[in-house]
Amino acid sequence: MSENILLRDRQNLNDRLHDLEESGYAYVPNMLNANEIMELRDAIDCLTPIAEANDLIRDPGDEVWSGNTRSETSIHIKNAFNRDRVFFNCLDRPRVIELAEAALGEDCHIIGMSAWRSGPGRPDQHLHVDWSPIPLPADVAINPRVKIPIFIATAHYYLNDITEELGPTKMIPGSHRAGRTPEENEMEWNGAKEQSVIVNAGDVVMFRSEIWHRGSANNSTKSRYLVQVHYSSRWISQRMPPYLNKFAFDETLLANATPRQLRLLGDHIVPGAYT
Ligand SMILES: O=C(O)CCC(=O)C(=O)O
Ligand SMILES: [Fe+2]
């Protein structure tokens, strides 16, 4: 059994930014109230996966993704912001968006937003990085004088009280300083083991894309619900499948969006490639 990760309830943005930069993750508790949590869970249960958008669905024990829609199935929905206003509203929740903008720039945007229902039987993921922007020799990566900017960070909105049985996210604090991705079945970095992210429903944890982490097995009888908002610097391209102009924004959601929300969806002021 893993130890629980240290969650620091910081009182200001600078401290949260420091945690994200130095530990690789930051804690933003009590982001959603009980009503908002229920709305998001209900909205996930109403989602039908769209094959062309690379949405995934899996029955318990399945090795391959299938087209079945039984309620205990696991689903992974891309472009969740486009499917329901409750997801759209996760674009720019206070404290989280301020942290994203401080870490990634005032002109940051989202590269995607995923909604997950992970049913009983969901297997362990391997320890991985979501993206390692600059591979470096170990001694360079760990040198405190070397400061790699954050290029991508994901905010996890947890919609359950997380227990070890439900399958917490596991992370190795500080492992964004590895300068590489973990080898298959590598479980430790620099003598440090993975730790469990045990949070309450409505809490957010944001982590930079190079931290070693994984989702773990759901050994409970309940489904685990999660929304992931993937923020990036302006210079990283957005991923909204299907590609080649086949993705279409929901016009009603756009019509009611604020300028900041539009920018987060890619409507940048800068007209050219660079300026
Ligand atoms: O389920 C989780 O907690 C983490 C998921 C994850 O890391 C991923 O899908 O890349
Ligand atoms: Fe991941």
# chains A, B, ... in the order shown; residues from 1 in each chain; ligands from 1
$ residues_around --residues "segment 2-11 of chain A" --least-positions-apart "5" --cutoff "8 Å" --atoms "only C-alpha atoms" --output "list in words"
Arg16, Ala26, Tyr27, Val28, Pro29, Met171, Pro173, Lys193, Glu194, Gln195, Ser196, Val197 and Ile198 of chain A
$ closest_atom_pairs --of "chain A" --to "ligand 1" --cutoff "7 Å" --atoms "only C-alpha atoms and all ligand atoms" --output "tab-separated table"
residue	atom	partner	partner_atom_place_in_ligand_line	distance
A:Asp130	CA	ligand 1	10 (O)	5.8
A:Pro168	CA	ligand 1	3 (O)	6.0
A:Thr169	CA	ligand 1	3 (O)	3.7
A:His213	CA	ligand 1	7 (O)	6.1
A:Arg214	CA	ligand 1	7 (O)	4.6
A:Gly215	CA	ligand 1	2 (C)	3.5
A:Ser216	CA	ligand 1	1 (O)	6.7
$ closest_atom_pairs --of "chain A" --to "ligand 2" --cutoff "10 Å" --atoms "only C-alpha atoms and all ligand atoms" --output "Markdown table"
| residue | atom | partner | partner_atom_place_in_ligand_line | distance |
| --- | --- | --- | --- | --- |
| A:Gln125 | CA | ligand 2 | 1 (Fe) | 8.6 |
| A:His126 | CA | ligand 2 | 1 (Fe) | 9.2 |
| A:Leu127 | CA | ligand 2 | 1 (Fe) | 8.2 |
| A:His128 | CA | ligand 2 | 1 (Fe) | 6.4 |
| A:Val129 | CA | ligand 2 | 1 (Fe) | 6.0 |
| A:Asp130 | CA | ligand 2 | 1 (Fe) | 4.8 |
| A:Trp131 | CA | ligand 2 | 1 (Fe) | 8.6 |
| A:Thr154 | CA | ligand 2 | 1 (Fe) | 8.8 |
| A:Thr169 | CA | ligand 2 | 1 (Fe) | 8.9 |
| A:Lys170 | CA | ligand 2 | 1 (Fe) | 9.8 |
| A:Met171 | CA | ligand 2 | 1 (Fe) | 9.8 |
| A:Phe207 | CA | ligand 2 | 1 (Fe) | 9.7 |
| A:Ser209 | CA | ligand 2 | 1 (Fe) | 7.7 |
| A:Glu210 | CA | ligand 2 | 1 (Fe) | 9.3 |
| A:Ile211 | CA | ligand 2 | 1 (Fe) | 8.9 |
| A:Trp212 | CA | ligand 2 | 1 (Fe) | 8.3 |
| A:His213 | CA | ligand 2 | 1 (Fe) | 6.2 |
| A:Arg214 | CA | ligand 2 | 1 (Fe) | 5.7 |
| A:Gly215 | CA | ligand 2 | 1 (Fe) | 7.2 |
| A:Gln228 | CA | ligand 2 | 1 (Fe) | 9.9 |
$ write_last_selection --atoms "C-alpha atoms" --output "mmCIF file, in the first residue's frame"
data_model
loop_
_atom_site.group_PDB
_atom_site.id
_atom_site.type_symbol
_atom_site.label_atom_id
_atom_site.label_comp_id
_atom_site.auth_asym_id
_atom_site.auth_seq_id
_atom_site.Cartn_x
_atom_site.Cartn_y
_atom_site.Cartn_z
ATOM 1 C CA GLN A 125 -2.095 2.166 -15.436
ATOM 2 C CA HIS A 126 1.682 2.058 -15.752
ATOM 3 C CA LEU A 127 3.643 4.879 -14.223
ATOM 4 C CA HIS A 128 4.086 7.422 -17.027
ATOM 5 C CA VAL A 129 4.511 11.056 -17.877
ATOM 6 C CA ASP A 130 1.831 12.717 -19.957
ATOM 7 C CA TRP A 131 4.576 14.543 -21.850
ATOM 8 C CA THR A 154 -3.559 19.075 -16.005
ATOM 9 C CA THR A 169 -3.997 8.799 -8.822
ATOM 10 C CA LYS A 170 -0.438 7.866 -7.779
ATOM 11 C CA MET A 171 2.469 10.287 -8.161
ATOM 12 C CA PHE A 207 0.215 18.571 -11.969
ATOM 13 C CA SER A 209 2.981 16.906 -17.509
ATOM 14 C CA GLU A 210 6.453 15.547 -16.700
ATOM 15 C CA ILE A 211 5.632 14.220 -13.227
ATOM 16 C CA TRP A 212 5.680 10.420 -12.990
ATOM 17 C CA HIS A 213 2.121 9.350 -12.208
ATOM 18 C CA ARG A 214 -0.609 6.841 -13.030
ATOM 19 C CA GLY A 215 -4.242 6.013 -12.431
ATOM 20 C CA GLN A 228 -9.340 16.456 -16.473
#
$ atom_distance --atom1 "atom CA of Pro135 of chain A" --atom2 "atom CA of Val270 of chain A"
29.6 Å
$ residues_around --residues "Leu104 of chain A" --least-positions-apart "6" --cutoff "10 Å" --atoms "only C-alpha atoms" --output "PyMOL selection string"
chain A and resi 98+149-153+231-235
$ select_by_dssp --residues "segment 55-135 of chain A" --states "alpha helix (DSSP H)" --output "PyMOL selection string"
chain A and resi 85-88+96-104
$ residues_around --residues "Leu40 of chain A" --least-positions-apart "5" --cutoff "12 Å" --atoms "only C-alpha atoms" --output "CSV table (one decimal) with C-alpha atoms, in the first residue's frame"
chain,number,residue,atom,x,y,z
A,32,LEU,CA,-16.8,22.3,-6.2
A,33,ASN,CA,-19.8,22.2,-3.9
A,34,ALA,CA,-22.0,19.0,-3.4
A,35,ASN,CA,-24.5,20.2,-6.0
A,45,ASP,CA,-23.6,9.4,-16.9
A,46,CYS,CA,-25.5,11.1,-19.7
A,47,LEU,CA,-22.6,11.1,-22.2
A,80,ALA,CA,-15.9,17.2,-22.6
A,81,PHE,CA,-16.2,21.1,-22.6
A,83,ARG,CA,-20.8,18.3,-24.5
A,84,ASP,CA,-22.5,20.1,-21.6
A,85,ARG,CA,-22.4,23.5,-19.9
A,86,VAL,CA,-21.3,21.9,-16.6
A,87,PHE,CA,-18.1,20.8,-18.2
A,88,PHE,CA,-17.7,24.1,-20.1
A,89,ASN,CA,-17.7,25.8,-16.7
A,90,CYS,CA,-14.7,23.9,-15.7
A,115,ALA,CA,-14.4,13.2,-18.6
A,116,TRP,CA,-13.9,9.7,-17.1
A,117,ARG,CA,-16.1,7.2,-15.4
A,157,TYR,CA,-11.4,17.5,-10.7
A,158,TYR,CA,-12.1,14.6,-8.4
A,159,LEU,CA,-15.8,13.8,-8.1
A,160,ASN,CA,-15.6,11.1,-5.5
A,201,ALA,CA,-14.9,15.0,-3.9
A,202,GLY,CA,-14.7,18.6,-5.2
A,225,TYR,CA,-15.7,10.0,-11.7
A,226,LEU,CA,-13.0,12.5,-12.9
A,227,VAL,CA,-12.8,15.5,-15.1
$ closest_residue --among "A:Ala217, A:Met206, A:Ala53, A:Ala138" --to "Ala155 of chain A" --atoms "only C-alpha atoms"
A:Met206
$ select_by_dssp --residues "segment 108-248 of chain A" --states "strand (DSSP E or B)" --output "PyMOL selection string"
chain A and resi 109-118+128+152-158+169-171+188-189+192-193+195-196+204-208+213-215+224-232
$ closest_residue --among "A:Pro120, A:Glu165, A:Asp107, A:Asn54" --to "Tyr243 of chain A" --atoms "only C-alpha atoms"
A:Asn54
$ residues_around --residues "Glu22 of chain A" --least-positions-apart "2" --cutoff "10 Å" --atoms "only C-alpha atoms" --output "PyMOL selection string"
chain A and resi 16-20+24-26+144+147+173-177
$ write_last_selection --atoms "C-alpha atoms" --output "tab-separated table (two decimals), in the first residue's frame"
chain	number	residue	atom	x	y	z
A	16	ARG	CA	0.51	27.07	-5.17
A	17	LEU	CA	2.68	28.05	-8.15
A	18	HIS	CA	5.78	27.20	-6.14
A	19	ASP	CA	4.32	23.75	-5.35
A	20	LEU	CA	3.52	23.12	-9.02
A	24	GLY	CA	5.34	18.98	-9.65
A	25	TYR	CA	1.78	19.24	-8.31
A	26	ALA	CA	-0.42	21.68	-6.39
A	144	PRO	CA	18.37	23.36	-9.02
A	147	LYS	CA	14.55	25.50	-14.38
A	173	PRO	CA	6.62	14.06	-5.91
A	174	GLY	CA	9.54	15.84	-7.55
A	175	SER	CA	9.88	13.29	-10.36
A	176	HIS	CA	9.39	15.97	-13.02
A	177	ARG	CA	13.11	16.43	-12.35
$ closest_residue --among "A:Ile97, A:Leu244, A:Ile111, A:Val146" --to "Lys78 of chain A" --atoms "only C-alpha atoms"
A:Ile111
